Structures are given as structure tokens and as C-alpha cells.
file structure.cif (mmCIF, C-alpha atoms)
data_structure
#
loop_
_atom_site.group_PDB
_atom_site.id
_atom_site.type_symbol
_atom_site.label_atom_id
_atom_site.label_comp_id
_atom_site.auth_asym_id
_atom_site.auth_seq_id
_atom_site.Cartn_x
_atom_site.Cartn_y
_atom_site.Cartn_z
ATOM 1 C CA MET A 20 21.334 2.007 -8.128
ATOM 2 C CA ASN A 21 21.183 5.241 -10.147
ATOM 3 C CA LEU A 22 23.479 7.625 -8.260
ATOM 4 C CA ASN A 23 21.888 10.765 -9.682
ATOM 5 C CA ARG A 24 18.289 9.786 -8.856
ATOM 6 C CA PRO A 25 18.459 7.420 -5.872
ATOM 7 C CA HIS A 26 14.879 8.154 -4.729
ATOM 8 C CA ASP A 27 13.332 7.396 -8.135
ATOM 9 C CA THR A 28 15.502 4.339 -8.624
ATOM 10 C CA PHE A 29 14.638 2.853 -5.245
ATOM 11 C CA PHE A 30 10.926 3.530 -5.773
ATOM 12 C CA LYS A 31 11.010 1.598 -9.047
ATOM 13 C CA GLN A 32 13.015 -1.200 -7.477
ATOM 14 C CA LEU A 33 10.515 -1.409 -4.625
ATOM 15 C CA MET A 34 7.330 -1.326 -6.672
ATOM 16 C CA THR A 35 8.426 -3.736 -9.382
ATOM 17 C CA ASP A 36 8.159 -6.448 -6.750
ATOM 18 C CA PRO A 37 4.636 -7.787 -7.549
ATOM 19 C CA VAL A 38 3.883 -8.619 -3.914
ATOM 20 C CA VAL A 39 4.907 -5.148 -2.741
ATOM 21 C CA LEU A 40 2.937 -3.476 -5.518
ATOM 22 C CA ARG A 41 -0.214 -5.373 -4.635
ATOM 23 C CA ASP A 42 0.164 -4.537 -0.945
ATOM 24 C CA PHE A 43 0.713 -0.882 -1.802
ATOM 25 C CA LEU A 44 -2.417 -0.756 -3.961
ATOM 26 C CA GLU A 45 -4.480 -2.165 -1.111
ATOM 27 C CA ILE A 46 -3.207 0.693 1.044
ATOM 28 C CA VAL A 47 -3.558 3.640 -1.336
ATOM 29 C CA LEU A 48 -6.781 2.742 -3.180
ATOM 30 C CA PRO A 49 -10.234 2.932 -1.521
ATOM 31 C CA LYS A 50 -11.955 -0.349 -0.719
ATOM 32 C CA ASP A 51 -14.687 0.243 -3.292
ATOM 33 C CA VAL A 52 -12.026 0.543 -5.996
ATOM 34 C CA ILE A 53 -10.043 -2.473 -4.785
ATOM 35 C CA SER A 54 -13.205 -4.582 -4.839
ATOM 36 C CA ARG A 55 -13.525 -3.870 -8.567
ATOM 37 C CA LEU A 56 -10.000 -5.080 -9.403
ATOM 38 C CA ASP A 57 -8.733 -8.582 -10.065
ATOM 39 C CA LEU A 58 -5.386 -8.167 -8.324
ATOM 40 C CA ASN A 59 -4.466 -11.762 -9.176
ATOM 41 C CA SER A 60 -4.093 -10.571 -12.768
ATOM 42 C CA LEU A 61 -1.902 -7.596 -11.815
ATOM 43 C CA GLU A 62 0.918 -7.223 -14.338
ATOM 44 C CA ILE A 63 3.775 -4.713 -14.271
ATOM 45 C CA ILE A 64 4.349 -3.127 -17.680
ATOM 46 C CA ASP A 65 7.875 -2.639 -18.966
ATOM 47 C CA THR A 66 7.786 0.992 -20.097
ATOM 48 C CA GLU A 67 11.167 0.563 -21.790
ATOM 49 C CA LYS A 68 9.408 -1.441 -24.485
ATOM 50 C CA ALA A 69 7.376 1.569 -25.573
ATOM 51 C CA ASN A 70 8.334 3.434 -28.720
ATOM 52 C CA ARG A 71 10.779 6.170 -27.792
ATOM 53 C CA LYS A 72 8.327 8.645 -29.273
ATOM 54 C CA TYR A 73 6.120 7.881 -26.302
ATOM 55 C CA LYS A 74 8.768 7.278 -23.675
ATOM 56 C CA LYS A 75 8.593 9.896 -20.960
ATOM 57 C CA TYR A 76 11.374 10.047 -18.410
ATOM 58 C CA TYR A 77 8.903 11.117 -15.738
ATOM 59 C CA LEU A 78 6.854 7.914 -16.000
ATOM 60 C CA ASP A 79 8.063 5.892 -13.036
ATOM 61 C CA LEU A 80 5.972 2.748 -13.311
ATOM 62 C CA SER A 81 2.870 1.369 -14.975
ATOM 63 C CA ALA A 82 0.780 -1.756 -14.498
ATOM 64 C CA GLN A 83 -2.482 -3.254 -15.632
ATOM 65 C CA CYS A 84 -5.037 -5.679 -14.276
ATOM 66 C CA LYS A 85 -8.400 -7.150 -15.201
ATOM 67 C CA LEU A 86 -11.660 -5.938 -13.717
ATOM 68 C CA GLU A 87 -13.881 -8.097 -11.534
ATOM 69 C CA ASN A 88 -17.137 -9.272 -13.125
ATOM 70 C CA GLU A 89 -16.822 -7.056 -16.183
ATOM 71 C CA PRO A 90 -14.765 -7.137 -19.394
ATOM 72 C CA GLY A 91 -11.729 -5.033 -20.036
ATOM 73 C CA GLU A 92 -8.569 -3.995 -18.245
ATOM 74 C CA LEU A 93 -7.572 -1.165 -15.959
ATOM 75 C CA TYR A 94 -4.330 0.734 -16.507
ATOM 76 C CA LEU A 95 -2.415 2.038 -13.477
ATOM 77 C CA ILE A 96 0.308 4.660 -13.676
ATOM 78 C CA PHE A 97 2.568 5.541 -10.776
ATOM 79 C CA GLU A 98 4.481 8.765 -10.250
ATOM 80 C CA HIS A 99 7.063 9.215 -7.510
ATOM 81 C CA LYS A 100 7.909 12.675 -6.167
ATOM 82 C CA SER A 101 10.365 13.732 -3.488
ATOM 83 C CA TYR A 102 9.457 17.423 -3.855
ATOM 84 C CA PRO A 103 6.251 19.357 -4.721
ATOM 85 C CA ASP A 104 6.386 19.510 -8.518
ATOM 86 C CA LYS A 105 3.702 21.655 -10.187
ATOM 87 C CA LEU A 106 4.116 19.635 -13.381
ATOM 88 C CA THR A 107 3.077 16.371 -11.734
ATOM 89 C CA LEU A 108 -0.487 16.284 -13.055
ATOM 90 C CA VAL A 109 0.588 17.636 -16.460
ATOM 91 C CA GLN A 110 3.105 14.809 -16.760
ATOM 92 C CA ILE A 111 0.434 12.288 -15.851
ATOM 93 C CA LEU A 112 -2.000 13.833 -18.342
ATOM 94 C CA ASN A 113 0.568 13.550 -21.141
ATOM 95 C CA TYR A 114 1.069 9.863 -20.517
ATOM 96 C CA MET A 115 -2.642 9.174 -20.183
ATOM 97 C CA ALA A 116 -3.154 10.785 -23.598
ATOM 98 C CA VAL A 117 -0.439 8.555 -25.067
ATOM 99 C CA VAL A 118 -2.105 5.405 -23.680
ATOM 100 C CA PHE A 119 -5.490 6.471 -25.093
ATOM 101 C CA GLU A 120 -3.913 7.232 -28.466
ATOM 102 C CA GLN A 121 -2.209 3.840 -28.627
ATOM 103 C CA ASP A 122 -5.414 2.019 -27.698
ATOM 104 C CA LEU A 123 -7.409 3.799 -30.406
ATOM 105 C CA ALA A 124 -4.659 3.263 -32.983
ATOM 106 C CA ASN A 125 -4.825 -0.466 -32.203
ATOM 107 C CA GLY A 126 -8.586 -0.538 -32.743
ATOM 108 C CA LYS A 127 -9.382 -0.848 -29.032
ATOM 109 C CA ASP A 128 -11.547 1.144 -26.686
ATOM 110 C CA PRO A 129 -9.475 3.431 -24.435
ATOM 111 C CA ARG A 130 -8.619 1.717 -21.178
ATOM 112 C CA PRO A 131 -9.625 3.374 -17.899
ATOM 113 C CA ILE A 132 -6.571 4.763 -16.112
ATOM 114 C CA LEU A 133 -5.966 5.317 -12.407
ATOM 115 C CA PRO A 134 -3.053 7.680 -11.631
ATOM 116 C CA ILE A 135 -1.249 7.180 -8.314
ATOM 117 C CA VAL A 136 1.309 9.574 -6.813
ATOM 118 C CA PHE A 137 3.755 8.491 -4.099
ATOM 119 C CA TYR A 138 5.159 11.583 -2.363
ATOM 120 C CA HIS A 139 7.763 11.866 0.414
ATOM 121 C CA GLY A 140 8.949 15.467 0.380
ATOM 122 C CA ARG A 141 10.168 17.538 3.301
ATOM 123 C CA THR A 142 6.767 19.230 3.584
ATOM 124 C CA LYS A 143 3.236 18.042 2.852
ATOM 125 C CA PHE A 144 1.973 17.823 -0.711
ATOM 126 C CA SER A 145 0.093 21.108 -1.054
ATOM 127 C CA LEU A 146 -0.686 21.053 -4.792
ATOM 128 C CA PRO A 147 -4.062 20.193 -6.325
ATOM 129 C CA THR A 148 -4.937 16.523 -6.574
ATOM 130 C CA SER A 149 -7.615 17.242 -9.200
ATOM 131 C CA PHE A 150 -6.524 18.666 -12.537
ATOM 132 C CA ARG A 151 -9.505 21.019 -12.704
ATOM 133 C CA ASP A 152 -8.364 22.781 -9.526
ATOM 134 C CA TYR A 153 -5.357 24.245 -11.322
ATOM 135 C CA PHE A 154 -7.702 26.652 -13.086
ATOM 136 C CA LYS A 155 -8.675 29.810 -11.212
ATOM 137 C CA VAL A 156 -12.118 30.267 -12.724
ATOM 138 C CA SER A 157 -15.684 30.223 -11.455
ATOM 139 C CA ASP A 158 -17.324 26.904 -10.646
ATOM 140 C CA ASP A 159 -19.841 27.483 -13.439
ATOM 141 C CA LEU A 160 -17.030 27.404 -15.981
ATOM 142 C CA LYS A 161 -14.821 24.928 -14.145
ATOM 143 C CA LYS A 162 -17.404 22.146 -14.399
ATOM 144 C CA TYR A 163 -16.859 22.032 -18.183
ATOM 145 C CA LEU A 164 -13.077 21.760 -18.005
ATOM 146 C CA LEU A 165 -10.996 18.647 -18.423
ATOM 147 C CA ASP A 166 -10.547 16.853 -15.120
ATOM 148 C CA PHE A 167 -9.056 13.792 -13.472
ATOM 149 C CA ARG A 168 -8.032 13.032 -9.922
ATOM 150 C CA ILE A 169 -4.943 11.334 -8.542
ATOM 151 C CA PHE A 170 -4.725 8.922 -5.647
ATOM 152 C CA LEU A 171 -2.089 10.448 -3.365
ATOM 153 C CA PHE A 172 0.029 8.709 -0.755
ATOM 154 C CA ASP A 173 1.950 11.362 1.183
ATOM 155 C CA THR A 174 4.322 10.057 3.876
ATOM 156 C CA CYS A 175 4.185 13.490 5.527
ATOM 157 C CA ASN A 176 0.621 12.737 6.603
ATOM 158 C CA TYR A 177 1.714 9.906 8.876
ATOM 159 C CA LYS A 178 3.892 9.347 11.900
ATOM 160 C CA ASN A 179 6.495 6.597 11.830
ATOM 161 C CA GLU A 180 4.379 4.347 14.019
ATOM 162 C CA ASP A 181 1.398 4.833 11.682
ATOM 163 C CA LEU A 182 3.400 3.641 8.682
ATOM 164 C CA LEU A 183 4.266 0.441 10.523
ATOM 165 C CA LYS A 184 0.573 -0.439 10.794
ATOM 166 C CA PHE A 185 -0.298 -0.192 7.112
ATOM 167 C CA SER A 186 0.867 -3.590 5.992
ATOM 168 C CA GLN A 187 2.216 -6.946 7.147
ATOM 169 C CA ASN A 188 4.823 -6.596 4.398
ATOM 170 C CA ALA A 189 7.951 -5.730 6.387
ATOM 171 C CA TYR A 190 9.879 -4.678 3.271
ATOM 172 C CA LEU A 191 7.191 -2.182 2.304
ATOM 173 C CA THR A 192 6.833 -0.699 5.806
ATOM 174 C CA ALA A 193 10.617 -0.367 6.167
ATOM 175 C CA ALA A 194 10.714 1.385 2.789
ATOM 176 C CA PHE A 195 7.935 3.747 3.914
ATOM 177 C CA LEU A 196 10.012 4.653 6.965
ATOM 178 C CA LEU A 197 13.116 5.346 4.902
ATOM 179 C CA PHE A 198 11.235 7.446 2.364
ATOM 180 C CA LYS A 199 9.652 9.514 5.141
ATOM 181 C CA ASN A 200 12.899 10.087 7.046
ATOM 182 C CA ILE A 201 15.533 10.087 4.308
ATOM 183 C CA PHE A 202 16.028 13.865 4.375
ATOM 184 C CA LYS A 203 16.919 13.889 8.081
ATOM 185 C CA ASP A 204 20.504 13.918 9.355
ATOM 186 C CA PHE A 205 22.013 10.476 9.137
ATOM 187 C CA LYS A 206 22.405 10.197 12.924
ATOM 188 C CA ASP A 207 18.628 10.648 13.251
ATOM 189 C CA LEU A 208 17.991 7.598 11.079
ATOM 190 C CA LYS A 209 19.117 5.144 13.768
ATOM 191 C CA PRO A 210 15.558 4.336 15.014
ATOM 192 C CA VAL A 211 14.463 3.762 11.432
ATOM 193 C CA LEU A 212 17.421 1.503 10.703
ATOM 194 C CA LYS A 213 16.493 -0.605 13.730
ATOM 195 C CA GLN A 214 13.227 -1.405 11.988
ATOM 196 C CA VAL A 215 14.984 -2.011 8.684
ATOM 197 C CA LEU A 216 17.212 -4.673 10.234
ATOM 198 C CA LYS A 217 14.186 -6.797 11.151
ATOM 199 C CA ILE A 218 13.501 -7.912 7.591
ATOM 200 C CA LYS A 219 15.151 -10.497 5.363
ATOM 201 C CA THR A 220 18.803 -10.053 4.522
ATOM 202 C CA GLU A 221 18.437 -9.664 0.764
ATOM 203 C CA LYS A 222 15.834 -6.943 1.193
ATOM 204 C CA VAL A 223 17.904 -5.200 3.864
ATOM 205 C CA GLU A 224 20.652 -4.843 1.315
ATOM 206 C CA TYR A 225 18.348 -2.989 -1.088
ATOM 207 C CA LEU A 226 17.288 -0.618 1.671
ATOM 208 C CA LEU A 227 20.818 0.035 2.896
ATOM 209 C CA ASN A 228 21.997 0.689 -0.634
ATOM 210 C CA TYR A 229 19.311 3.364 -0.895
ATOM 211 C CA VAL A 230 20.475 4.975 2.368
ATOM 212 C CA VAL A 231 24.107 4.988 1.234
ATOM 213 C CA MET A 232 23.305 6.565 -2.134
ATOM 214 C CA ALA A 233 20.693 9.055 -0.924
ATOM 215 C CA LYS A 234 22.713 10.238 2.107
ATOM 216 C CA ASP A 235 26.123 10.119 0.400
ATOM 217 C CA ILE A 236 27.778 8.181 3.211
ATOM 218 C CA ASP A 237 30.427 5.494 3.000
ATOM 219 C CA GLU A 238 30.209 1.849 4.008
ATOM 220 C CA LYS A 239 32.427 2.386 7.044
ATOM 221 C CA GLU A 240 30.101 4.998 8.511
ATOM 222 C CA LEU A 241 27.064 2.822 7.859
ATOM 223 C CA THR A 242 28.717 -0.217 9.458
ATOM 224 C CA GLN A 243 29.541 1.842 12.551
ATOM 225 C CA VAL A 244 25.914 2.893 12.929
ATOM 226 C CA LEU A 245 24.719 -0.700 12.491
ATOM 227 C CA GLN A 246 27.053 -1.742 15.297
ATOM 228 C CA GLU A 247 25.771 1.050 17.540
ATOM 229 C CA ILE A 248 22.144 0.026 17.146
ATOM 230 C CA GLY A 249 22.971 -3.609 17.804
ATOM 231 C CA GLY A 250 22.109 -5.107 14.424
ATOM 232 C CA GLU A 251 23.881 -7.968 12.774
ATOM 233 C CA LEU A 252 26.639 -6.773 10.478
ATOM 234 C CA MET A 253 25.564 -6.784 6.853
ATOM 235 C CA PRO A 254 27.907 -7.895 4.037
ATOM 236 C CA SER A 255 30.245 -5.097 3.064
ATOM 237 C CA LEU A 256 28.541 -2.985 0.413
ATOM 238 C CA ALA A 257 31.866 -1.553 -0.685
ATOM 239 C CA GLN A 258 33.282 -5.050 -1.171
ATOM 240 C CA LYS A 259 30.210 -6.015 -3.203
ATOM 241 C CA TRP A 260 30.662 -3.029 -5.474
ATOM 242 C CA LEU A 261 34.317 -3.954 -5.867
ATOM 243 C CA GLU A 262 33.428 -7.505 -6.918
ATOM 244 C CA GLN A 263 30.820 -6.220 -9.349
ATOM 245 C CA GLY A 264 33.435 -3.934 -10.837
ATOM 246 C CA LYS A 265 35.782 -6.870 -11.357
ATOM 247 C CA GLN A 266 33.052 -8.925 -13.006
ATOM 248 C CA ILE A 267 32.529 -6.338 -15.719
ATOM 249 C CA GLY A 268 36.233 -6.074 -16.354
ATOM 250 C CA LEU A 269 36.953 -2.707 -14.793
ATOM 251 C CA GLN A 270 40.554 -2.192 -13.716
ATOM 252 C CA GLN A 271 39.972 0.296 -10.926
ATOM 253 C CA GLY A 272 37.253 -1.525 -9.054
ATOM 254 C CA VAL A 273 34.594 0.486 -7.273
ATOM 255 C CA GLN A 274 35.386 3.941 -8.611
ATOM 256 C CA MET A 275 35.401 2.798 -12.202
ATOM 257 C CA GLY A 276 32.259 0.806 -11.651
ATOM 258 C CA LEU A 277 30.422 3.840 -10.309
ATOM 259 C CA GLU A 278 31.789 6.028 -13.103
ATOM 260 C CA GLN A 279 30.515 3.584 -15.709
ATOM 261 C CA GLY A 280 27.072 3.723 -14.136
ATOM 262 C CA LEU A 281 27.094 7.526 -14.198
ATOM 263 C CA ILE A 282 28.033 7.550 -17.884
ATOM 264 C CA LEU A 283 25.227 5.168 -18.820
ATOM 265 C CA ASP A 284 22.803 7.276 -16.800
ATOM 266 C CA ALA A 285 23.987 10.480 -18.502
ATOM 267 C CA GLN A 286 23.431 8.887 -21.906
ATOM 268 C CA GLU A 287 19.895 7.914 -20.919
ATOM 269 C CA MET A 288 19.118 11.409 -19.608
ATOM 270 C CA VAL A 289 20.180 12.915 -22.959
ATOM 271 C CA LEU A 290 17.998 10.435 -24.850
ATOM 272 C CA ASP A 291 15.026 11.022 -22.551
ATOM 273 C CA LEU A 292 15.191 14.797 -22.923
ATOM 274 C CA LEU A 293 15.512 14.462 -26.698
ATOM 275 C CA ALA A 294 12.376 12.299 -26.719
ATOM 276 C CA ILE A 295 10.467 14.895 -24.727
ATOM 277 C CA ARG A 296 11.499 17.815 -26.933
ATOM 278 C CA PHE A 297 11.447 16.199 -30.367
ATOM 279 C CA MET A 298 9.343 13.036 -29.855
ATOM 280 C CA ALA A 299 10.776 10.529 -32.382
ATOM 281 C CA ILE A 300 14.566 9.998 -32.261
ATOM 282 C CA PRO A 301 16.375 8.417 -35.249
ATOM 283 C CA LEU A 302 18.032 5.135 -34.359
ATOM 284 C CA ARG A 303 21.342 6.372 -35.808
ATOM 285 C CA LEU A 304 21.315 9.301 -33.373
ATOM 286 C CA GLU A 305 20.524 7.048 -30.429
ATOM 287 C CA LYS A 306 23.436 4.782 -31.349
ATOM 288 C CA ALA A 307 25.762 7.770 -31.706
ATOM 289 C CA ILE A 308 24.901 9.066 -28.230
ATOM 290 C CA LYS A 309 25.552 5.631 -26.769
ATOM 291 C CA GLN A 310 29.068 5.838 -28.231
ATOM 292 C CA ILE A 311 29.880 8.894 -26.105
ATOM 293 C CA PHE A 312 31.622 7.986 -22.844
ATOM 294 C CA ASP A 313 32.695 11.451 -21.724
ATOM 295 C CA ARG A 314 30.381 12.683 -18.959
ATOM 296 C CA ASN A 315 31.290 16.324 -19.550
ATOM 297 C CA VAL A 316 30.303 16.022 -23.206
ATOM 298 C CA LEU A 317 27.019 14.368 -22.243
ATOM 299 C CA LYS A 318 26.272 17.137 -19.744
ATOM 300 C CA LYS A 319 26.865 19.756 -22.432
ATOM 301 C CA LEU A 320 24.595 17.894 -24.826
ATOM 302 C CA HIS A 321 21.882 17.885 -22.173
ATOM 303 C CA ARG A 322 22.057 21.691 -21.992
ATOM 304 C CA ILE A 323 22.168 22.041 -25.761
ATOM 305 C CA ILE A 324 18.860 20.189 -26.105
ATOM 306 C CA LEU A 325 17.151 23.019 -24.219
ATOM 307 C CA GLU A 326 18.718 25.668 -26.473
ATOM 308 C CA VAL A 327 18.354 24.355 -30.031
ATOM 309 C CA LYS A 328 15.273 24.869 -32.197
ATOM 310 C CA ASP A 329 15.119 21.462 -33.837
ATOM 311 C CA LEU A 330 16.760 18.051 -34.038
ATOM 312 C CA SER A 331 18.899 19.020 -37.027
ATOM 313 C CA GLU A 332 20.495 21.855 -35.090
ATOM 314 C CA PHE A 333 21.158 19.514 -32.177
ATOM 315 C CA GLU A 334 22.926 17.050 -34.479
ATOM 316 C CA GLN A 335 25.125 19.832 -35.842
ATOM 317 C CA GLN A 336 26.035 20.983 -32.339
ATOM 318 C CA MET A 337 26.727 17.408 -31.315
ATOM 319 C CA GLN A 338 29.129 16.878 -34.213
ATOM 320 C CA LYS A 339 31.041 20.038 -33.327
ATOM 321 C CA LEU A 340 31.187 19.127 -29.656
ATOM 322 C CA THR A 341 32.324 15.535 -30.109
ATOM 323 C CA GLN A 342 34.611 16.241 -33.085
ATOM 324 C CA ASN A 343 33.730 12.828 -34.411
ATOM 325 C CA ASN A 344 32.260 11.891 -37.775
ATOM 326 C CA TYR A 345 29.214 10.086 -36.523
ATOM 327 C CA ASP A 346 26.948 8.825 -39.262
ATOM 328 C CA LEU A 347 24.169 11.296 -38.593
#
call {"tool": "encode", "arguments": {"input": "structure.cif", "output": "C-alpha cells"}}
result
Amino acid sequence: MNLNRPHDTFFKQLMTDPVVLRDFLEIVLPKDVISRLDLNSLEIIDTEKANRKYKKYYLDLSAQCKLENEPGELYLIFEHKSYPDKLTLVQILNYMAVVFEQDLANGKDPRPILPIVFYHGRTKFSLPTSFRDYFKVSDDLKKYLLDFRIFLFDTCNYKNEDLLKFSQNAYLTAAFLLFKNIFKDFKDLKPVLKQVLKIKTEKVEYLLNYVVMAKDIDEKELTQVLQEIGGELMPSLAQKWLEQGKQIGLQQGVQMGLEQGLILDAQEMVLDLLAIRFMAIPLRLEKAIKQIFDRNVLKKLHRIILEVKDLSEFEQQMQKLTQNNYDL
């Protein structure tokens, strides 16, 4: 799990399960919309396959499905937020424009797109859910402005017992509970963890990994809590990480394994921000960044991206910082 963005990572892990995704859609979308969709054709789209020019780090998940009794496909984009971000609808708009552009470039009609936001912040989502409502103008003018509306699922709108009634999918309901309560003190998560322990072992592990990473607790503390609430002891997460570290040839076990994950994540964050600022990234530059294994250097590069005027200046700064003769 991505240690820097545990909430985003767990959301993606959760929703890339086709059964979970379908159950979630049946919860968040109105019945008249669901009746128009052929959910048997639901397909999760691998956004990593997109050209880096179009890859946006803020796109959490996308999927597509056929329509019932009419030709064509529907495109679904999902955005996860753990805080009220004013850029949410702007980010969605950017990606929608990219999808339309790709469709037209391929000689196709633009696909209809439904944007869905999953939110679990400390307070309710208080931002507009319609793009047009961002503009403080009269209704006479507003009706001519660009508009789209998101489907919002806000865990703050529900009590814990309400979330348990949404679906027969125990994994999904347990995840809802964790998302809603994850910002509480760890000791207050005991009632939630009781519910988590009712589902299948392999799914419990995913959920407990999320708790460990999001709450920054160790395996010993988690095991103690599991004992207190009377659940069966789960396999040692720390031991699993240790074994995974050995499998990839790391000499220092867990710590080195986690450090390697942080480095890979830092590389990806640099590449994502470059794509946002400068769109197309030369393959040679991407390869050069993936040769950097110093987290401090990668952090500095991340800051430099926000300061430089163009890609050429970034490459010059990168060469000075790394003191290596990369073939740029």
C-alpha cells in the first residue's frame, strides 16, 4: 500500500474489485440511471495505459459499460477525496475533456460520462456538486455557462448503522465504516473493527493494512486491540512485510522494503507533476527519473517542477542536482 497516500490507495484497491464496484454503483447512482446501464458489461479501465500526456495523478479510477437497449458505451470516472478540495470539479472537467478529445481523434462520437465522487472527510462535503454553481452570476447568465453534475457519496451523511444497510457486500460495508471513522483516535475504532472481523480473511487483511498505514500504528498495537475485541488473531502483518522484503532481495527486511516503496512512489509523484505542468514527457527523461533512488533528491525535484518555466529548465536543474550525466 502507498504509504504517502493510504486513503487513495485503499480506495483504488477496493473499487478495482468488479463485484465491489458494481455494488457501489447500485448504491450511488439513482435507479433510473442504473436501469439504463448494462452492468454485466462493466469494465474497469487501466488508466496507466493512457499516454502520459493525458495521465492525471488525480484520476483515481475509470470504467465503462454498455447501455441497455441503445448503442454506445457510458464512461464512468471516479474521484476519491478525504478533504474538501475546491479543485475537485476542475480536475474532473480536465479528464472529461481528454476523453472527449481522444474519442473525436479516433473518429468516434464523444462518449457520455458520469462523474462520481467518493468523499469521507472530517466534515460534510460543502462544495458545489454542479460546475455551474461555482460562478457567482445571475441565473439569466448562469444558464448559458458550461455545466455538469457529479454523483456524490459522502460518508458524513450517514451513521455507522446506516452504512451497514447499504449492501450485502460485507467487504464494501466494512470499507465504508473504516473510511467514515478513519480520522478518529485509534481506540475509538474498536466497534468498527468488530464489524471488519466478520468478513473473509483475505479481505480483512486489506482492511487492516489500510488501518495500519492510515493511523501509523504498529502490528503489535493492532494485535492487542484485536485481542481486546475478541476477534481471531490475524496473520502478523509485520511478518508478512518481512517475507515480502526477503522475496525482493532486500537485506534489511521490512524497513528496506518500505523504503523501496517510498522511493518508487516519489518517482511516480515527480512524473505525475511533470505531466500536469508540461503535458508530454520525453521517454529519456522518464527513464532518467526512474534511475534516481535518493528520496531527498526526488523531493527537491518535486519542488523544482513548481518553480521552473519550462521542461528544458527542469532538465538543467535536474542535472545539477543529481550531478550525473544523464542522457537528456
call {"tool": "residues_around", "arguments": {"input": "structure.cif", "residues": "Asn88 (chain A)", "least_positions_apart": "4", "cutoff": "10 Å", "atoms": "only C-alpha atoms", "output": "ChimeraX atom specification"}}
result
/A:55-57
call {"tool": "closest_residue", "arguments": {"input": "structure.cif", "among": "A:Ala285, A:Ile96, A:Val230, A:Leu48", "to": "Leu197 (chain A)", "atoms": "only C-alpha atoms"}}
result
A:Val230
call {"tool": "resolve_selection", "arguments": {"input": "structure.cif", "expression": "the PyMOL selection byres ((chain A and resi 194) around 12)", "output": "ChimeraX atom specification"}}
result
/A:26,29-34,39,43,139,174,179,182-183,185-186,188-193,195-201,211-212,214-216,218,222-230
call {"tool": "residues_around", "arguments": {"input": "structure.cif", "residues": "Glu92 (chain A)", "least_positions_apart": "3", "cutoff": "7 Å", "atoms": "only C-alpha atoms", "output": "compact mmCIF listing (two decimals) with C-alpha atoms, keeping the file's coordinate frame"}}
result
# COMPACT_ATOMS: atom_id res chain seq x y z
CA GLN A 83 -2.48 -3.25 -15.63
CA CYS A 84 -5.04 -5.68 -14.28
CA LYS A 85 -8.40 -7.15 -15.20
CA LEU A 86 -11.66 -5.94 -13.72
CA ARG A 130 -8.62 1.72 -21.18
call {"tool": "resolve_selection", "arguments": {"input": "structure.cif", "expression": "the PyMOL selection byres ((chain A and resi 289-292) around 9)", "output": "list in words"}}
result
Arg71, Lys74, Lys75, Tyr76, Asp284, Ala285, Gln286, Glu287, Met288, Leu293, Ala294, Ile295, Arg296, Phe297, Ile300, Glu305, Ile308, Leu317, Lys318, Leu320, His321, Ile324 and Leu325 of chain A
call {"tool": "write_last_selection", "arguments": {"input": "structure.cif", "atoms": "C-alpha atoms", "output": "compact mmCIF listing (two decimals), keeping the file's coordinate frame"}}
result
# COMPACT_ATOMS: atom_id res chain seq x y z
CA ARG A 71 10.78 6.17 -27.79
CA LYS A 74 8.77 7.28 -23.68
CA LYS A 75 8.59 9.90 -20.96
CA TYR A 76 11.37 10.05 -18.41
CA ASP A 284 22.80 7.28 -16.80
CA ALA A 285 23.99 10.48 -18.50
CA GLN A 286 23.43 8.89 -21.91
CA GLU A 287 19.90 7.91 -20.92
CA MET A 288 19.12 11.41 -19.61
CA LEU A 293 15.51 14.46 -26.70
CA ALA A 294 12.38 12.30 -26.72
CA ILE A 295 10.47 14.90 -24.73
CA ARG A 296 11.50 17.82 -26.93
CA PHE A 297 11.45 16.20 -30.37
CA ILE A 300 14.57 10.00 -32.26
CA GLU A 305 20.52 7.05 -30.43
CA ILE A 308 24.90 9.07 -28.23
CA LEU A 317 27.02 14.37 -22.24
CA LYS A 318 26.27 17.14 -19.74
CA LEU A 320 24.60 17.89 -24.83
CA HIS A 321 21.88 17.89 -22.17
CA ILE A 324 18.86 20.19 -26.10
CA LEU A 325 17.15 23.02 -24.22
call {"tool": "resolve_selection", "arguments": {"input": "structure.cif", "expression": "the PyMOL selection byres ((chain A and resi 166-170) around 7)", "output": "MDAnalysis selection string"}}
result
chainID A and resid 47:48 134:136 148:151 164:165 171:172
call {"tool": "atom_distance", "arguments": {"input": "structure.cif", "atom1": "CA of Phe333 (chain A)", "atom2": "CA of Pro25 (chain A)"}}
result
29.1 Å
call {"tool": "atom_distance", "arguments": {"input": "structure.cif", "atom1": "CA of Glu326 (chain A)", "atom2": "CA of Leu106 (chain A)"}}
result
20.5 Å
call {"tool": "closest_residue", "arguments": {"input": "structure.cif", "among": "A:Thr35, A:Gln243, A:Ser145, A:Ser54", "to": "Lys105 (chain A)", "atoms": "all atoms listed in the file"}}
result
A:Ser145
call {"tool": "axis_aligned_box", "arguments": {"input": "structure.cif", "around": "region 126-135 of chain A", "padding_each_side": "3 Å", "output": "lines of an AutoDock Vina configuration file"}}
result
center_x = -6.4
center_y = 3.4
center_z = -20.5
size_x = 16.3
size_y = 14.5
size_z = 30.4
call {"tool": "atom_distance", "arguments": {"input": "structure.cif", "atom1": "CA of Lys178 (chain A)", "atom2": "CA of Leu108 (chain A)"}}
result
26.3 Å
call {"tool": "closest_residue", "arguments": {"input": "structure.cif", "among": "A:Asp104, A:Asp128, A:Glu120, A:Asp181", "to": "Pro90 (chain A)", "atoms": "only C-alpha atoms"}}
result
A:Asp128
